[in-house]
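Everything below belongs to data14.csv, which stores CSV, C-alpha atoms.
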```
chain,number,residue,atom,x,y,z
A,198,MET,CA,-41.4,-19.2,-146.8
A,199,LEU,CA,-42.2,-16.0,-148.7
A,200,ASP,CA,-39.7,-13.2,-148.3
A,201,ARG,CA,-41.4,-10.8,-145.9
A,202,ARG,CA,-39.6,-7.7,-147.1
A,203,ASN,CA,-40.4,-8.3,-150.8
A,204,LEU,CA,-44.0,-9.5,-150.1
A,205,LEU,CA,-45.2,-6.8,-147.8
A,206,ALA,CA,-43.2,-3.9,-149.3
A,207,GLY,CA,-44.7,-4.9,-152.6
A,208,LEU,CA,-48.2,-4.3,-151.3
A,209,ALA,CA,-47.3,-0.6,-150.8
A,210,THR,CA,-46.1,-0.1,-154.4
A,211,THR,CA,-48.8,-2.3,-156.0
A,212,PHE,CA,-51.5,-0.2,-154.3
A,213,ALA,CA,-50.0,3.2,-155.0
A,214,LEU,CA,-52.5,5.9,-155.8
A,215,ALA,CA,-53.2,6.1,-159.6
A,216,ALA,CA,-53.7,9.4,-161.3
A,217,CYS,CA,-57.3,10.7,-161.1
A,218,GLY,CA,-59.3,12.9,-163.4
A,219,ARG,CA,-60.9,16.2,-162.5
A,220,GLY,CA,-64.5,17.2,-162.2
A,221,ALA,CA,-67.4,14.8,-162.1
A,222,GLY,CA,-69.1,16.3,-165.1
A,223,ALA,CA,-65.9,16.5,-167.3
A,224,ASN,CA,-67.0,13.5,-169.4
A,225,ALA,CA,-70.5,12.1,-169.0
A,226,GLY,CA,-69.6,9.0,-171.0
A,227,VAL,CA,-66.9,8.1,-168.4
A,228,LEU,CA,-67.4,6.7,-164.9
A,229,ARG,CA,-64.3,7.0,-162.8
A,230,VAL,CA,-64.3,4.2,-160.2
A,231,GLY,CA,-61.9,3.9,-157.3
A,232,SER,CA,-60.8,0.4,-156.3
A,233,GLN,CA,-59.1,-0.6,-153.0
A,234,LYS,CA,-56.3,-3.1,-153.4
A,235,GLY,CA,-57.7,-4.1,-156.8
A,236,GLY,CA,-60.9,-5.6,-155.3
A,237,THR,CA,-63.7,-3.9,-157.2
A,238,LYS,CA,-61.8,-3.8,-160.5
A,239,SER,CA,-60.9,-7.5,-160.3
A,240,LEU,CA,-64.4,-8.4,-159.4
A,241,MET,CA,-65.9,-6.5,-162.4
A,242,LEU,CA,-63.2,-7.8,-164.8
A,243,ALA,CA,-63.4,-11.4,-163.7
A,244,SER,CA,-67.2,-11.6,-163.9
A,245,GLY,CA,-67.5,-9.7,-167.2
A,246,ALA,CA,-70.2,-7.6,-165.6
A,247,LEU,CA,-69.2,-4.5,-167.5
A,248,ASP,CA,-69.6,-6.1,-170.9
A,249,GLY,CA,-71.9,-4.0,-173.1
A,250,ALA,CA,-71.9,-1.0,-170.8
A,251,SER,CA,-72.7,2.3,-172.7
A,252,TYR,CA,-70.0,4.2,-170.8
A,253,LYS,CA,-66.3,3.7,-170.2
A,254,VAL,CA,-65.0,2.9,-166.8
A,255,GLU,CA,-61.7,4.6,-165.7
A,256,TRP,CA,-60.1,2.8,-162.8
A,257,SER,CA,-57.9,4.3,-160.0
A,258,GLU,CA,-56.3,2.2,-157.4
A,259,PHE,CA,-56.0,3.1,-153.7
A,260,PRO,CA,-54.2,1.5,-150.8
A,261,ALA,CA,-56.8,2.2,-148.2
A,262,ALA,CA,-60.3,3.7,-147.8
A,263,GLN,CA,-58.9,6.9,-146.4
A,264,ASN,CA,-57.2,7.7,-149.7
A,265,LEU,CA,-60.2,6.7,-151.7
A,266,LEU,CA,-62.5,8.9,-149.6
A,267,GLU,CA,-60.2,11.9,-150.0
A,268,ALA,CA,-60.5,11.4,-153.8
A,269,LEU,CA,-64.3,11.1,-153.6
A,270,GLY,CA,-64.6,14.1,-151.4
A,271,SER,CA,-62.7,16.2,-154.0
A,272,SER,CA,-64.7,14.7,-156.9
A,273,ALA,CA,-61.6,13.2,-158.3
A,274,VAL,CA,-63.4,9.9,-158.7
A,275,ASP,CA,-67.2,9.2,-159.1
A,276,LEU,CA,-67.6,6.0,-157.1
A,277,GLY,CA,-65.8,3.8,-154.7
A,278,LEU,CA,-66.4,1.0,-152.2
A,279,VAL,CA,-65.3,1.6,-148.6
A,280,GLY,CA,-66.1,0.1,-145.2
A,281,ASP,CA,-68.7,1.5,-142.9
A,282,ALA,CA,-66.3,2.9,-140.4
A,283,PRO,CA,-64.2,5.0,-142.8
A,284,PHE,CA,-67.3,6.2,-144.5
A,285,GLN,CA,-68.9,7.4,-141.3
A,286,PHE,CA,-65.6,9.0,-140.3
A,287,ALA,CA,-65.3,10.9,-143.5
A,288,TYR,CA,-69.0,11.9,-143.7
A,289,GLN,CA,-68.9,13.3,-140.2
A,290,ALA,CA,-65.8,15.3,-141.1
A,291,GLY,CA,-68.0,17.2,-143.6
A,292,SER,CA,-67.1,15.4,-146.8
A,293,PRO,CA,-69.7,16.1,-149.6
A,294,ILE,CA,-70.4,12.4,-150.2
A,295,LYS,CA,-73.3,9.9,-149.9
A,296,ALA,CA,-73.6,6.1,-149.8
A,297,VAL,CA,-75.5,5.1,-153.0
A,298,GLY,CA,-75.2,1.4,-152.5
A,299,ALA,CA,-74.7,-1.1,-149.7
A,300,GLN,CA,-73.1,-4.5,-149.5
A,301,ARG,CA,-72.8,-7.0,-146.6
A,302,THR,CA,-70.2,-9.7,-146.2
A,303,GLN,CA,-71.7,-13.2,-146.5
A,304,ALA,CA,-68.5,-15.2,-145.8
A,305,ARG,CA,-67.1,-15.9,-142.3
A,306,LEU,CA,-65.6,-12.7,-141.0
A,307,ASP,CA,-62.9,-14.4,-138.9
A,308,GLY,CA,-59.5,-13.2,-140.0
A,309,ALA,CA,-60.8,-10.5,-142.4
A,310,LEU,CA,-60.1,-7.7,-139.9
A,311,SER,CA,-57.6,-8.3,-137.1
A,312,ILE,CA,-55.0,-6.9,-134.8
A,313,LEU,CA,-51.6,-8.6,-135.5
A,314,VAL,CA,-48.5,-8.9,-133.4
A,315,PRO,CA,-45.1,-10.3,-134.3
A,316,ALA,CA,-44.6,-14.0,-133.7
A,317,GLY,CA,-42.5,-13.5,-130.6
A,318,SER,CA,-44.7,-11.0,-128.9
A,319,PRO,CA,-46.0,-11.7,-125.4
A,320,VAL,CA,-49.4,-10.2,-126.3
A,321,ARG,CA,-52.1,-12.9,-126.4
A,322,ASP,CA,-55.4,-11.1,-126.3
A,323,GLY,CA,-57.0,-7.7,-126.2
A,324,LYS,CA,-56.3,-7.1,-122.5
A,325,ASP,CA,-52.6,-7.6,-123.1
A,326,LEU,CA,-52.6,-4.6,-125.4
A,327,GLN,CA,-52.7,-2.3,-122.4
A,328,GLY,CA,-49.7,0.0,-122.5
A,329,LYS,CA,-48.9,-1.0,-126.1
A,330,ARG,CA,-48.5,1.0,-129.3
A,331,ILE,CA,-51.0,0.0,-132.1
A,332,ALA,CA,-50.6,1.1,-135.7
A,333,THR,CA,-53.5,1.6,-137.9
A,334,THR,CA,-55.0,4.2,-140.4
A,335,ARG,CA,-57.0,7.0,-138.9
A,336,GLY,CA,-60.8,6.5,-139.5
A,337,SER,CA,-60.3,3.0,-140.9
A,338,VAL,CA,-62.0,-0.2,-140.1
A,339,GLY,CA,-58.7,-1.0,-138.3
A,340,HIS,CA,-59.1,2.1,-136.2
A,341,TYR,CA,-62.7,1.1,-135.4
A,342,LEU,CA,-61.5,-2.4,-134.4
A,343,VAL,CA,-59.0,-1.0,-131.9
A,344,LEU,CA,-61.7,1.0,-130.2
A,345,ARG,CA,-64.2,-1.9,-130.1
A,346,SER,CA,-61.5,-4.2,-128.7
A,347,MET,CA,-60.6,-1.6,-126.0
A,348,ILE,CA,-64.3,-1.4,-124.9
A,349,ALA,CA,-64.5,-5.3,-124.8
A,350,SER,CA,-61.3,-5.5,-122.8
A,351,GLY,CA,-62.3,-2.8,-120.4
A,352,LEU,CA,-59.4,-0.5,-121.4
A,353,ARG,CA,-59.6,3.3,-121.2
A,354,PRO,CA,-58.5,5.7,-123.9
A,355,GLU,CA,-55.2,6.4,-122.1
A,356,ASP,CA,-54.4,2.7,-121.8
A,357,VAL,CA,-53.4,2.3,-125.5
A,358,LYS,CA,-51.3,4.4,-127.8
A,359,ILE,CA,-52.8,4.5,-131.3
A,360,VAL,CA,-50.3,5.4,-133.9
A,361,PHE,CA,-51.9,6.6,-137.1
A,362,LEU,CA,-50.0,5.4,-140.2
A,363,SER,CA,-50.7,4.2,-143.8
A,364,PRO,CA,-50.8,0.4,-144.3
A,365,SER,CA,-47.3,0.3,-145.7
A,366,ASP,CA,-45.9,2.5,-142.9
A,367,SER,CA,-47.7,0.4,-140.3
A,368,ARG,CA,-46.1,-2.7,-141.7
A,369,ALA,CA,-42.7,-1.2,-141.5
A,370,ALA,CA,-43.3,0.1,-138.0
A,371,LEU,CA,-44.3,-3.4,-136.8
A,372,GLN,CA,-41.4,-5.0,-138.5
A,373,SER,CA,-38.9,-2.5,-136.9
A,374,GLY,CA,-40.4,-2.7,-133.5
A,375,ALA,CA,-41.6,0.9,-133.5
A,376,VAL,CA,-45.1,-0.3,-132.7
A,377,ASP,CA,-46.2,-3.4,-130.8
A,378,ALA,CA,-49.3,-4.3,-132.9
A,379,TRP,CA,-51.0,-3.5,-136.2
A,380,SER,CA,-54.8,-3.3,-136.7
A,381,THR,CA,-55.5,-4.0,-140.4
A,382,TRP,CA,-57.5,-5.9,-143.0
A,383,MET,CA,-57.1,-8.2,-146.0
A,384,PRO,CA,-54.9,-8.7,-148.0
A,385,TYR,CA,-52.4,-7.2,-145.5
A,386,ILE,CA,-53.4,-9.7,-142.9
A,387,ALA,CA,-52.8,-12.7,-145.1
A,388,ALA,CA,-49.4,-11.3,-146.3
A,389,ALA,CA,-48.3,-10.7,-142.7
A,390,GLN,CA,-49.5,-14.1,-141.5
A,391,ALA,CA,-47.5,-15.7,-144.3
A,392,GLU,CA,-44.4,-14.3,-142.6
A,393,GLY,CA,-45.3,-15.4,-139.1
A,394,ASP,CA,-47.3,-12.5,-137.6
A,395,ARG,CA,-50.2,-13.8,-135.6
A,396,ILE,CA,-53.7,-12.6,-134.8
A,397,VAL,CA,-54.5,-11.5,-131.2
A,398,VAL,CA,-57.8,-9.8,-131.8
A,399,ASP,CA,-60.2,-11.1,-134.5
A,400,GLY,CA,-62.7,-8.5,-135.7
A,401,ARG,CA,-65.5,-11.0,-136.4
A,402,ASP,CA,-67.2,-10.1,-133.1
A,403,PHE,CA,-66.8,-6.4,-133.5
A,404,VAL,CA,-67.9,-5.6,-137.1
A,405,GLN,CA,-71.2,-5.9,-138.9
A,406,GLY,CA,-69.7,-6.6,-142.4
A,407,TYR,CA,-71.1,-3.6,-144.2
A,408,GLY,CA,-69.5,-1.9,-147.2
A,409,PHE,CA,-70.8,1.1,-149.0
A,410,GLU,CA,-70.5,2.3,-152.5
A,411,VAL,CA,-69.9,6.0,-152.0
A,412,ALA,CA,-70.2,8.9,-154.5
A,413,PRO,CA,-69.6,12.6,-154.3
A,414,GLU,CA,-72.7,14.8,-154.6
A,415,SER,CA,-71.3,16.2,-157.8
A,416,ALA,CA,-71.3,12.8,-159.5
A,417,ILE,CA,-74.8,11.9,-158.1
A,418,ALA,CA,-76.1,15.1,-159.9
A,419,ALA,CA,-74.2,14.6,-163.1
A,420,LYS,CA,-73.9,10.8,-163.6
A,421,ARG,CA,-76.8,9.2,-161.7
A,422,GLU,CA,-77.8,7.0,-164.7
A,423,GLN,CA,-74.2,5.6,-165.0
A,424,LEU,CA,-74.0,5.1,-161.2
A,425,SER,CA,-77.2,3.2,-161.1
A,426,ASP,CA,-76.2,1.0,-164.0
A,427,PHE,CA,-72.8,0.3,-162.5
A,428,LEU,CA,-74.4,-0.7,-159.2
A,429,ARG,CA,-76.8,-3.1,-161.0
A,430,ARG,CA,-73.9,-4.7,-162.8
A,431,GLU,CA,-71.9,-4.9,-159.6
A,432,ALA,CA,-74.7,-6.7,-157.8
A,433,ARG,CA,-74.7,-9.4,-160.5
A,434,ALA,CA,-70.9,-9.6,-160.2
A,435,LEU,CA,-71.1,-10.1,-156.4
A,436,GLU,CA,-73.6,-13.0,-157.0
A,437,TRP,CA,-71.2,-14.5,-159.5
A,438,ALA,CA,-68.2,-14.2,-157.2
A,439,SER,CA,-69.9,-16.2,-154.4
A,440,GLY,CA,-69.7,-19.2,-156.6
A,441,HIS,CA,-66.4,-18.5,-158.4
A,442,VAL,CA,-63.9,-17.7,-155.7
A,443,ASP,CA,-61.0,-19.3,-157.6
A,444,ASP,CA,-61.7,-17.3,-160.7
A,445,TYR,CA,-62.1,-14.0,-158.8
A,446,GLY,CA,-58.9,-14.8,-156.9
A,447,ALA,CA,-56.9,-15.5,-160.1
A,448,VAL,CA,-57.9,-12.1,-161.6
A,449,LEU,CA,-57.1,-10.4,-158.3
A,450,ALA,CA,-53.6,-11.9,-158.3
A,451,LYS,CA,-53.1,-10.8,-161.8
A,452,GLU,CA,-54.3,-7.2,-161.2
A,453,THR,CA,-52.4,-6.7,-158.0
A,454,GLY,CA,-49.4,-8.9,-158.2
A,455,LEU,CA,-50.4,-10.6,-155.0
A,456,PRO,CA,-49.2,-14.2,-154.6
A,457,PRO,CA,-52.1,-16.5,-155.8
A,458,GLU,CA,-52.7,-18.0,-152.3
A,459,ILE,CA,-53.1,-14.6,-150.7
A,460,ALA,CA,-55.3,-13.3,-153.5
A,461,ARG,CA,-57.6,-16.3,-153.2
A,462,ALA,CA,-57.8,-15.9,-149.4
A,463,THR,CA,-58.7,-12.2,-149.9
A,464,ALA,CA,-61.3,-13.1,-152.5
A,465,GLU,CA,-62.8,-15.7,-150.1
A,466,LYS,CA,-63.1,-13.1,-147.3
A,467,ASN,CA,-64.7,-10.6,-149.7
A,468,ILE,CA,-67.8,-12.6,-150.6
A,469,ARG,CA,-70.5,-10.0,-150.3
A,470,LEU,CA,-74.0,-9.4,-151.7
A,471,ARG,CA,-75.8,-6.2,-152.3
A,472,VAL,CA,-78.4,-5.2,-149.7
A,473,PRO,CA,-80.9,-2.3,-149.9
A,474,ILE,CA,-80.2,0.9,-148.0
A,475,ASP,CA,-83.1,0.9,-145.6
A,476,ASN,CA,-83.8,2.0,-142.0
A,477,LYS,CA,-82.1,-1.2,-140.6
A,478,VAL,CA,-78.9,-0.5,-142.4
A,479,ILE,CA,-78.9,3.1,-141.3
A,480,SER,CA,-79.7,2.2,-137.7
A,481,ASP,CA,-76.9,-0.3,-137.6
A,482,GLN,CA,-74.5,2.5,-138.5
A,483,GLN,CA,-75.3,4.2,-135.3
A,484,VAL,CA,-73.1,1.7,-133.4
A,485,VAL,CA,-70.1,2.8,-135.6
A,486,LEU,CA,-70.8,6.5,-135.1
A,487,ASP,CA,-71.4,6.1,-131.3
A,488,THR,CA,-68.1,4.2,-131.0
A,489,PHE,CA,-66.1,7.0,-132.7
A,490,ARG,CA,-67.9,9.6,-130.6
A,491,ARG,CA,-67.3,7.8,-127.4
A,492,PHE,CA,-63.5,8.1,-127.9
A,493,GLY,CA,-63.7,11.7,-129.1
A,494,GLU,CA,-62.7,10.8,-132.6
A,495,VAL,CA,-65.9,12.3,-134.1
A,496,ARG,CA,-67.3,15.5,-132.6
A,497,SER,CA,-69.8,16.7,-135.3
A,498,SER,CA,-73.5,16.1,-135.1
A,499,ARG,CA,-74.2,15.7,-138.8
A,500,PRO,CA,-77.5,13.7,-139.1
A,501,LEU,CA,-76.8,10.1,-139.8
A,502,GLY,CA,-79.7,9.7,-142.3
A,503,GLY,CA,-78.2,12.4,-144.5
A,504,ALA,CA,-75.3,10.1,-145.3
A,505,PHE,CA,-77.4,7.8,-147.5
A,506,LEU,CA,-79.2,8.0,-150.8
A,507,LEU,CA,-82.2,5.8,-150.5
A,508,ASN,CA,-83.3,3.7,-153.5
A,509,ALA,CA,-80.2,4.7,-155.6
```

Representation of the structure as structure tokens:
Amino acid sequence: MLDRRNLLAGLATTFALAACGRGAGANAGVLRVGSQKGGTKSLMLASGALDGASYKVEWSEFPAAQNLLEALGSSAVDLGLVGDAPFQFAYQAGSPIKAVGAQRTQARLDGALSILVPAGSPVRDGKDLQGKRIATTRGSVGHYLVLRSMIASGLRPEDVKIVFLSPSDSRAALQSGAVDAWSTWMPYIAAAQAEGDRIVVDGRDFVQGYGFEVAPESAIAAKREQLSDFLRREARALEWASGHVDDYGAVLAKETGLPPEIARATAEKNIRLRVPIDNKVISDQQVVLDTFRRFGEVRSSRPLGGAFLLNA
């Protein structure tokens, strides 16, 4: 069995925030791309999709969407892939960002987003979470999953204590018993399962599988050509990855330091294809926004349509 302390603690250091540049227009020949847990970077490197690009890509690594969105909102990076829930959360908070590309998961979503408990926990399903403390990152897909699970289980806001922590701090809190459960995503799920934690709520019935490539308004104005080219290349890389999971997983393991079996499991759950940003995609996001609003997590009335750049 893998050593839990070394494996899960290693995730926190592997995915530490890298230094970011300043100002979207500082160098028009450079596109600064944020990558969560090595995913986008590994995809583009493994597929060779950036070969021949007329600009240089500078990568920055982030442990979670929240950190990446903060960098996007401050124009510290030009582009980054995040889930629909954190994107909506950040946009409604007033961040000067827009979705310029959309992707949707093609693989089975089971196990890709889950609420975990320790092996010896008496919790068996969503209803058993009543009165429990659940760790997750504020505004994340994990946060969204907790809320959707509460609705499905008939729980009221006061029935569950949500503790907002980073992924690494959430892991430590679960391990120490400071919280009873952890709502998270891959590869954290696979790493935790390798050490005996188990899934009590699977997100497959609660999420739509969308991810959005997000850019600050400053980068859209200054680097639209590079953004469009990167998105075209990424679309080809996504098609390549659907038939080369092993190759993608191998590069992901190399880039992140994840054990090969966990990297491959993560790559398999990350099989996505580009989809157009159209009225269907935008209307689907209303469910996400309504969920956050129902629990008082989002109070602004920023128009949903303004979050998307059509035909980017």

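Distances here use all atoms listed in the file; by that measure, the residue among A:Thr381, A:Leu228, A:Ala375, A:Ile479 closest to Ser363 (chain A) is A:Thr381.
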
Legend entry - Shortest interatomic distance to Pro315 (chain A) - which of A:Ser373, A:Gln285, A:Ser272, A:Ser346, counting all atoms listed in the file: A:Ser373

Could you pull out every residue with an atom within 9 Å of (-66.5, 13.0, -135.2), file coordinates, counting only C-alpha atoms, and send them as a CSV table (one decimal) with C-alpha atoms, in the coordinates of the input?
```csv
chain,number,residue,atom,x,y,z
A,285,GLN,CA,-68.9,7.4,-141.3
A,286,PHE,CA,-65.6,9.0,-140.3
A,287,ALA,CA,-65.3,10.9,-143.5
A,288,TYR,CA,-69.0,11.9,-143.7
A,289,GLN,CA,-68.9,13.3,-140.2
A,290,ALA,CA,-65.8,15.3,-141.1
A,486,LEU,CA,-70.8,6.5,-135.1
A,489,PHE,CA,-66.1,7.0,-132.7
A,490,ARG,CA,-67.9,9.6,-130.6
A,493,GLY,CA,-63.7,11.7,-129.1
A,494,GLU,CA,-62.7,10.8,-132.6
A,495,VAL,CA,-65.9,12.3,-134.1
A,496,ARG,CA,-67.3,15.5,-132.6
A,497,SER,CA,-69.8,16.7,-135.3
A,498,SER,CA,-73.5,16.1,-135.1
A,499,ARG,CA,-74.2,15.7,-138.8
```

Inset, instruction - Might you pull out every residue within 10 Å of Asn476 (chain A), with all atoms listed in the file counted and same-chain residues fewer than 5 positions away left off, and present them as an NGL selection string? - result: :A and (481-482 or 502 or 507)

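Reported to one decimal place, the separation of CA of Leu428 (chain A) from CA of Phe259 (chain A) is 19.6 Å.
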
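Near (-69.5, 3.0, -170.7), the residues that fall inside 8 Å on the basis of all atoms listed in the file are Gly226, Val227, Leu228, Gly249, Ala250, Ser251, Tyr252, Lys253, Val254 and Gln423 of chain A.
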
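For the residues A:Ala450, A:Ile359, A:Thr463, A:Arg345, ranking by smallest atom-to-atom distance to Gly328 (chain A) using all atoms listed in the file places A:Ile359 first.
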
Inset, instruction - Using only C-alpha atoms, find the one residue out of A:Arg491, A:Arg461, A:Arg368, A:Lys295 that sits nearest to Val314 (chain A). - result: A:Arg368

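Excluding region 354-357 of chain A itself and any same-chain residue fewer than 2 positions from it, the protein and nucleic acid residues within 9 Å of it, counting all atoms listed in the file, are Leu326, Gln327, Gly328, Lys329, Arg330, Ile331, Leu344, Met347, Leu352, Ile359 and Phe492 of chain A.
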
For the residues selected in the previous step, produce a file with C-alpha atoms as a PDB file, keeping the file's coordinate frame.
```
ATOM      1  CA  LEU A 326     -52.600  -4.600-125.400  1.00  0.00           C
ATOM      2  CA  GLN A 327     -52.700  -2.300-122.400  1.00  0.00           C
ATOM      3  CA  GLY A 328     -49.700   0.000-122.500  1.00  0.00           C
ATOM      4  CA  LYS A 329     -48.900  -1.000-126.100  1.00  0.00           C
ATOM      5  CA  ARG A 330     -48.500   1.000-129.300  1.00  0.00           C
ATOM      6  CA  ILE A 331     -51.000   0.000-132.100  1.00  0.00           C
ATOM      7  CA  LEU A 344     -61.700   1.000-130.200  1.00  0.00           C
ATOM      8  CA  MET A 347     -60.600  -1.600-126.000  1.00  0.00           C
ATOM      9  CA  LEU A 352     -59.400  -0.500-121.400  1.00  0.00           C
ATOM     10  CA  ILE A 359     -52.800   4.500-131.300  1.00  0.00           C
ATOM     11  CA  PHE A 492     -63.500   8.100-127.900  1.00  0.00           C
TER      12      PHE A 492
END
```

Inset, instruction - Might you pull out every residue within 10 Å of Arg421 (chain A), with all atoms listed in the file counted and same-chain residues fewer than 5 positions away left off, and present them as a ChimeraX atom specification? - result: /A:275,297,412,414-416,426-427,509

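CA of Gly374 (chain A) sits 11.1 Å away from CA of Ala332 (chain A).
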
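Across the model, the gap from CA of Tyr407 (chain A) to CA of Asp281 (chain A) is 5.8 Å.
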
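If only C-alpha atoms are the atoms counted, then among A:Gln372, A:Gln263, A:Gln483, A:Thr488 the closest residue to Glu392 (chain A) is A:Gln372.
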
Legend entry - Close residues, Lys466 (chain A) itself excluded, 9 Å, only C-alpha atoms, min 2 positions apart in chain, as a list of chain:residue names: A:Thr302, A:Gln303, A:Ala304, A:Arg305, A:Leu306, A:Asp307, A:Gly308, A:Ala309, A:Met383, A:Arg461, A:Ala462, A:Thr463, A:Ala464, A:Ile468, A:Arg469

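If all atoms listed in the file are the atoms counted, then among A:Gln390, A:Ser439, A:Thr333, A:Thr453 the closest residue to Val376 (chain A) is A:Thr333.
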
Inset, instruction - Write out as a list in words each polymer residue whose atoms come within 12 Å of Ser480 (chain A), counting all atoms listed in the file; drop sequence neighbours fewer than 5 positions from it. - result: Gln405, Ile474, Asp475, Val485, Leu486, Asp487, Pro500, Leu501, Gly502, Ala504 and Phe505 of chain A

With N, CA, C and O atoms as the target, complete region 340-357 of chain A and hand it back as a compact mmCIF listing (two decimals), keeping the file's coordinate frame.
```
# COMPACT_ATOMS: atom_id res chain seq x y z
N HIS A 340 -58.93 1.14 -137.26
CA HIS A 340 -59.10 2.10 -136.20
C HIS A 340 -60.34 1.72 -135.34
O HIS A 340 -60.30 1.65 -134.10
N TYR A 341 -61.42 1.46 -136.04
CA TYR A 341 -62.70 1.10 -135.40
C TYR A 341 -62.48 -0.20 -134.56
O TYR A 341 -62.96 -0.31 -133.42
N LEU A 342 -61.76 -1.17 -135.10
CA LEU A 342 -61.50 -2.40 -134.40
C LEU A 342 -60.76 -2.18 -133.09
O LEU A 342 -61.07 -2.78 -132.06
N VAL A 343 -59.75 -1.31 -133.13
CA VAL A 343 -59.00 -1.00 -131.90
C VAL A 343 -59.94 -0.48 -130.83
O VAL A 343 -59.90 -0.91 -129.67
N LEU A 344 -60.82 0.44 -131.20
CA LEU A 344 -61.70 1.00 -130.20
C LEU A 344 -62.71 0.00 -129.67
O LEU A 344 -62.96 -0.05 -128.46
N ARG A 345 -63.27 -0.84 -130.55
CA ARG A 345 -64.20 -1.90 -130.10
C ARG A 345 -63.50 -2.88 -129.19
O ARG A 345 -64.06 -3.36 -128.19
N SER A 346 -62.26 -3.22 -129.53
CA SER A 346 -61.50 -4.20 -128.70
C SER A 346 -61.20 -3.57 -127.34
O SER A 346 -61.26 -4.28 -126.32
N MET A 347 -60.90 -2.29 -127.28
CA MET A 347 -60.60 -1.60 -126.00
C MET A 347 -61.88 -1.66 -125.12
O MET A 347 -61.79 -1.93 -123.92
N ILE A 348 -63.04 -1.40 -125.72
CA ILE A 348 -64.30 -1.40 -124.90
C ILE A 348 -64.50 -2.85 -124.38
O ILE A 348 -64.81 -3.03 -123.20
N ALA A 349 -64.33 -3.87 -125.23
CA ALA A 349 -64.50 -5.30 -124.80
C ALA A 349 -63.56 -5.69 -123.72
O ALA A 349 -63.89 -6.53 -122.87
N SER A 350 -62.35 -5.13 -123.77
CA SER A 350 -61.30 -5.50 -122.80
C SER A 350 -61.30 -4.62 -121.56
O SER A 350 -60.45 -4.80 -120.68
N GLY A 351 -62.20 -3.64 -121.52
CA GLY A 351 -62.30 -2.80 -120.40
C GLY A 351 -61.12 -1.76 -120.29
O GLY A 351 -60.79 -1.27 -119.20
N LEU A 352 -60.53 -1.44 -121.42
CA LEU A 352 -59.40 -0.50 -121.40
C LEU A 352 -59.91 0.93 -121.64
O LEU A 352 -60.89 1.17 -122.35
N ARG A 353 -59.24 1.87 -121.03
CA ARG A 353 -59.60 3.30 -121.20
C ARG A 353 -58.79 3.89 -122.32
O ARG A 353 -57.78 3.32 -122.77
N PRO A 354 -59.22 5.05 -122.82
CA PRO A 354 -58.50 5.70 -123.90
C PRO A 354 -57.01 5.85 -123.67
O PRO A 354 -56.19 5.69 -124.58
N GLU A 355 -56.65 6.16 -122.44
CA GLU A 355 -55.20 6.40 -122.10
C GLU A 355 -54.44 5.10 -121.97
O GLU A 355 -53.20 5.14 -121.82
N ASP A 356 -55.11 3.95 -122.02
CA ASP A 356 -54.40 2.70 -121.80
C ASP A 356 -53.68 2.18 -123.05
O ASP A 356 -52.85 1.27 -122.95
N VAL A 357 -54.02 2.73 -124.19
CA VAL A 357 -53.40 2.30 -125.50
C VAL A 357 -52.94 3.49 -126.24
O VAL A 357 -53.62 4.52 -126.27
```
